[in-house]
Amino acid sequence: MEEIGVVFLITGIILIAAALRRPEPFGFPSIFFVGVLEMIDLVSPLFGALVVFAVVILLLAMPFLDKSEEKHPRKRLIFFAIILALMAFWAAFTVMGFL
Amino acid sequence: MDKESTGALSKALLPLGKMFTKSRDWIIARSGLERFMEETEGKTVPKHALNPAYCLGGVTLVAFLILALTGFFLANYYEPSEGGAQRSIQIISTELPFGFYAKSIHSWAANVMVIAVLLHVLRVFITGSYKNPRELTWMGGVILLVFTFLFVLTGYVLPMDERSEFAITSMSGAFGWLRGIPHVGGVFNWASDTVGEALTGSYWMHVTVLPIAIILFLLVHFYLIRKHGISGPL
């Protein structure tokens with residue numbers, strides 16, 4: 001229980017300390033959306049929306065695709081690779097967006 | 001403090017303590033909390049879940065609560081109109097007591113929430129915690145992730161600064177076509193490329209629709225976590 005309390009306490013202290021120093025953490029443009037916007041710019045708005053929907057559907061369907069009883073990522077390499085590929089895809093577009 | 005004054009203080013506080021116990025028992029007896037407390041009594045967090053990676057869902061919740069509190073405060077002074085938005089943000093930042101802190105804590109908590117929820121999803125995925133019987137918990141969590149991103153995007157629109165322009169361009173570019181759906185297109189006004197419409201739609205989503213939706217999904221999420229417990233170790 002103490003460990004959970006410590007995590008919450010740290011979160012609170014970081015938030016308050018950060019707020020006292022500067023109003024925005026990452027400045028502009030937003031690190032979370034720059035990748036999607038880059039994809040929209042490079043390909044098309046509809047493609048950007050379709051990719052977002054496809055990722056959400058893929059995540060929703062994950063328990064029904066990965067039905068084995070294995071939990072360790074080394075024993076679920078395909079699914080682990082899918083998530084790594086998604087993250088790499090997102091990171092690449094984000095970097096391109098900042099260039 | 002000597003023994004005598006400690007004794008006097010305890011004596012003075014005794015009626016207060018009794019009043020607190022009576023009030024607590026009164027509330028528990030009438031609210032049905034008694035059954036809940038009996039059910040939760042003795043339930044402990046498994047050892048493997050004491051790892052900070054398992055606390056990310058909790059960090060997300062704490063960030064959400066901070067956002068709700070600061071958001072409630074900010075909403076009292078914010079003016080959701082093209083001309084008034086920037087002016088009200090200026091007043092909040094410079095004239096309102098604690099306004100600057102509320103605004104920046106709101107902004108930082110939003111970033112903490114997004115990072116924590118992404119890491120939480122990643123942890124759940126890596127540890128395979130979405131497997132039988134926790135499929136619904138995972139699906140609800142994915143929907144909560146979508147709501148979180150929508151929260152951030154609609155929040156970007158509200159200050160009517162360069163960030164808002166960025167958010168309106170992203171949202172109208174990716175989701176503007178949803179407005180063409182017959183009968184329900186108006187629900188997606190937040191994805192309009194017209195500044196006024198996007199501002200009104202985003203404000204409506206940010207302070208009404210999304211908070212209600214996120215609270216409902218969170219309650220279901222917590223109920224399912226309670227029902228199935230925390231997933232086992234790898």
# chains A, B, ... in the order shown; residues from 1 in each chain; ligands from 1
call {"tool": "interface_residues", "arguments": {"of": "chain A", "to": "chain B", "cutoff": "6 Å", "atoms": "only C-alpha atoms", "output": "list in words"}}
result
Ala19, Pro23, Leu37, Pro45, Gly48, Ala49, Leu60, Pro63, Lys71, His72 and Pro73 of chain A
call {"tool": "write_last_selection", "arguments": {"atoms": "all heavy atoms", "output": "tab-separated table (two decimals), in the first residue's frame"}}
result
chain	number	residue	atom	x	y	z
A	19	ALA	N	4.24	22.91	-12.39
A	19	ALA	CA	3.33	24.03	-12.64
A	19	ALA	C	3.93	25.35	-12.17
A	19	ALA	O	3.69	26.39	-12.74
A	19	ALA	CB	2.01	23.78	-11.94
A	23	PRO	N	4.35	27.06	-17.69
A	23	PRO	CA	2.95	26.72	-17.91
A	23	PRO	C	2.72	25.50	-18.79
A	23	PRO	O	1.72	24.82	-18.66
A	23	PRO	CB	2.36	27.98	-18.54
A	23	PRO	CG	3.51	28.71	-19.10
A	23	PRO	CD	4.69	28.37	-18.26
A	37	LEU	N	-0.69	14.35	-37.74
A	37	LEU	CA	-0.81	15.49	-38.64
A	37	LEU	C	0.16	15.36	-39.82
A	37	LEU	O	-0.20	15.68	-40.96
A	37	LEU	CB	-0.52	16.80	-37.88
A	37	LEU	CG	-0.92	18.06	-38.63
A	37	LEU	CD1	-2.43	18.13	-38.80
A	37	LEU	CD2	-0.45	19.30	-37.92
A	45	PRO	N	-6.06	13.29	-45.58
A	45	PRO	CA	-6.81	13.30	-44.32
A	45	PRO	C	-7.55	11.99	-44.09
A	45	PRO	O	-7.56	11.46	-42.98
A	45	PRO	CB	-7.79	14.45	-44.49
A	45	PRO	CG	-7.20	15.33	-45.51
A	45	PRO	CD	-6.42	14.45	-46.42
A	48	GLY	N	-5.23	9.34	-42.89
A	48	GLY	CA	-4.90	9.56	-41.48
A	48	GLY	C	-6.00	9.02	-40.56
A	48	GLY	O	-5.73	8.31	-39.60
A	49	ALA	N	-7.26	9.36	-40.92
A	49	ALA	CA	-8.39	8.92	-40.11
A	49	ALA	C	-8.51	7.39	-40.15
A	49	ALA	O	-8.75	6.75	-39.12
A	49	ALA	CB	-9.67	9.55	-40.62
A	60	LEU	N	-8.71	-3.04	-29.97
A	60	LEU	CA	-9.94	-3.61	-29.39
A	60	LEU	C	-9.98	-5.12	-29.63
A	60	LEU	O	-10.44	-5.88	-28.77
A	60	LEU	CB	-11.17	-2.95	-30.00
A	60	LEU	CG	-11.52	-1.54	-29.53
A	60	LEU	CD1	-12.64	-0.94	-30.37
A	60	LEU	CD2	-11.93	-1.54	-28.06
A	63	PRO	N	-7.43	-9.06	-27.74
A	63	PRO	CA	-7.65	-10.27	-26.93
A	63	PRO	C	-8.22	-11.43	-27.75
A	63	PRO	O	-8.05	-12.59	-27.36
A	63	PRO	CB	-8.68	-9.83	-25.87
A	63	PRO	CG	-8.71	-8.36	-25.92
A	63	PRO	CD	-8.25	-7.93	-27.25
A	71	LYS	N	1.68	-15.63	-21.63
A	71	LYS	CA	1.65	-14.20	-21.31
A	71	LYS	C	2.97	-13.52	-21.60
A	71	LYS	O	3.01	-12.31	-21.85
A	71	LYS	CB	1.29	-14.02	-19.83
A	71	LYS	CG	-0.18	-14.16	-19.55
A	71	LYS	CD	-0.45	-13.82	-18.12
A	71	LYS	CE	-1.92	-13.65	-17.85
A	71	LYS	NZ	-2.15	-13.29	-16.46
A	72	HIS	N	4.04	-14.28	-21.54
A	72	HIS	CA	5.36	-13.67	-21.70
A	72	HIS	C	5.54	-13.16	-23.13
A	72	HIS	O	5.27	-13.87	-24.09
A	72	HIS	CB	6.45	-14.69	-21.36
A	72	HIS	CG	7.74	-14.03	-20.99
A	72	HIS	ND1	8.55	-13.42	-21.92
A	72	HIS	CD2	8.34	-13.84	-19.79
A	72	HIS	CE1	9.60	-12.90	-21.31
A	72	HIS	NE2	9.49	-13.14	-20.01
A	73	PRO	N	6.02	-11.90	-23.28
A	73	PRO	CA	6.16	-11.34	-24.64
A	73	PRO	C	7.03	-12.19	-25.56
A	73	PRO	O	6.81	-12.22	-26.77
A	73	PRO	CB	6.80	-9.97	-24.41
A	73	PRO	CG	7.05	-9.83	-22.97
A	73	PRO	CD	6.39	-10.94	-22.24
call {"tool": "residues_around", "arguments": {"residues": "Leu65 (chain A)", "least_positions_apart": "6", "cutoff": "10 Å", "atoms": "only C-alpha atoms", "output": "short mmCIF file (atom, residue, chain, number, x, y, z; two decimals) with N, CA and C atoms, in the first residue's frame"}}
result
data_model
loop_
_atom_site.label_atom_id
_atom_site.label_comp_id
_atom_site.auth_asym_id
_atom_site.auth_seq_id
_atom_site.Cartn_x
_atom_site.Cartn_y
_atom_site.Cartn_z
N LEU A 58 -7.76 -2.59 -34.11
CA LEU A 58 -6.76 -3.63 -33.85
C LEU A 58 -6.55 -3.82 -32.35
N LEU A 59 -6.46 -2.71 -31.62
CA LEU A 59 -6.28 -2.80 -30.17
C LEU A 59 -7.50 -3.43 -29.50
N PHE A 79 2.59 -10.71 -31.88
CA PHE A 79 1.80 -9.60 -31.34
C PHE A 79 2.71 -8.51 -30.77
#
call {"tool": "closest_residue", "arguments": {"among": "A:Leu99, A:Ile10, A:Met62, A:Val55", "to": "Met87 (chain A)", "atoms": "only C-alpha atoms"}}
result
A:Val55
call {"tool": "select_by_dssp", "arguments": {"residues": "region 27-88 of chain A", "states": "helix (DSSP H, G or I)", "output": "ChimeraX atom specification"}}
result
/A:34-42,45-65,73-75,77-88
call {"tool": "atom_distance", "arguments": {"atom1": "CA of Leu46 (chain A)", "atom2": "CA of Val184 (chain B)"}}
result
19.2 Å
call {"tool": "residues_around", "arguments": {"residues": "Phe47 (chain A)", "least_positions_apart": "3", "cutoff": "12 Å", "atoms": "only C-alpha atoms", "output": "MDAnalysis selection string"}}
result
(chainID A and resid 36:44 50:54) or (chainID B and resid 173:175 177)
call {"tool": "atom_distance", "arguments": {"atom1": "CA of Asp66 (chain A)", "atom2": "CA of Ile225 (chain B)"}}
result
20.3 Å
call {"tool": "atom_distance", "arguments": {"atom1": "CA of Gly57 (chain B)", "atom2": "CA of Glu38 (chain B)"}}
result
24.6 Å
call {"tool": "closest_residue", "arguments": {"among": "B:Gly99, B:Gly83, B:Gly71, B:Gly180", "to": "Gly155 (chain B)", "atoms": "only C-alpha atoms"}}
result
B:Gly71
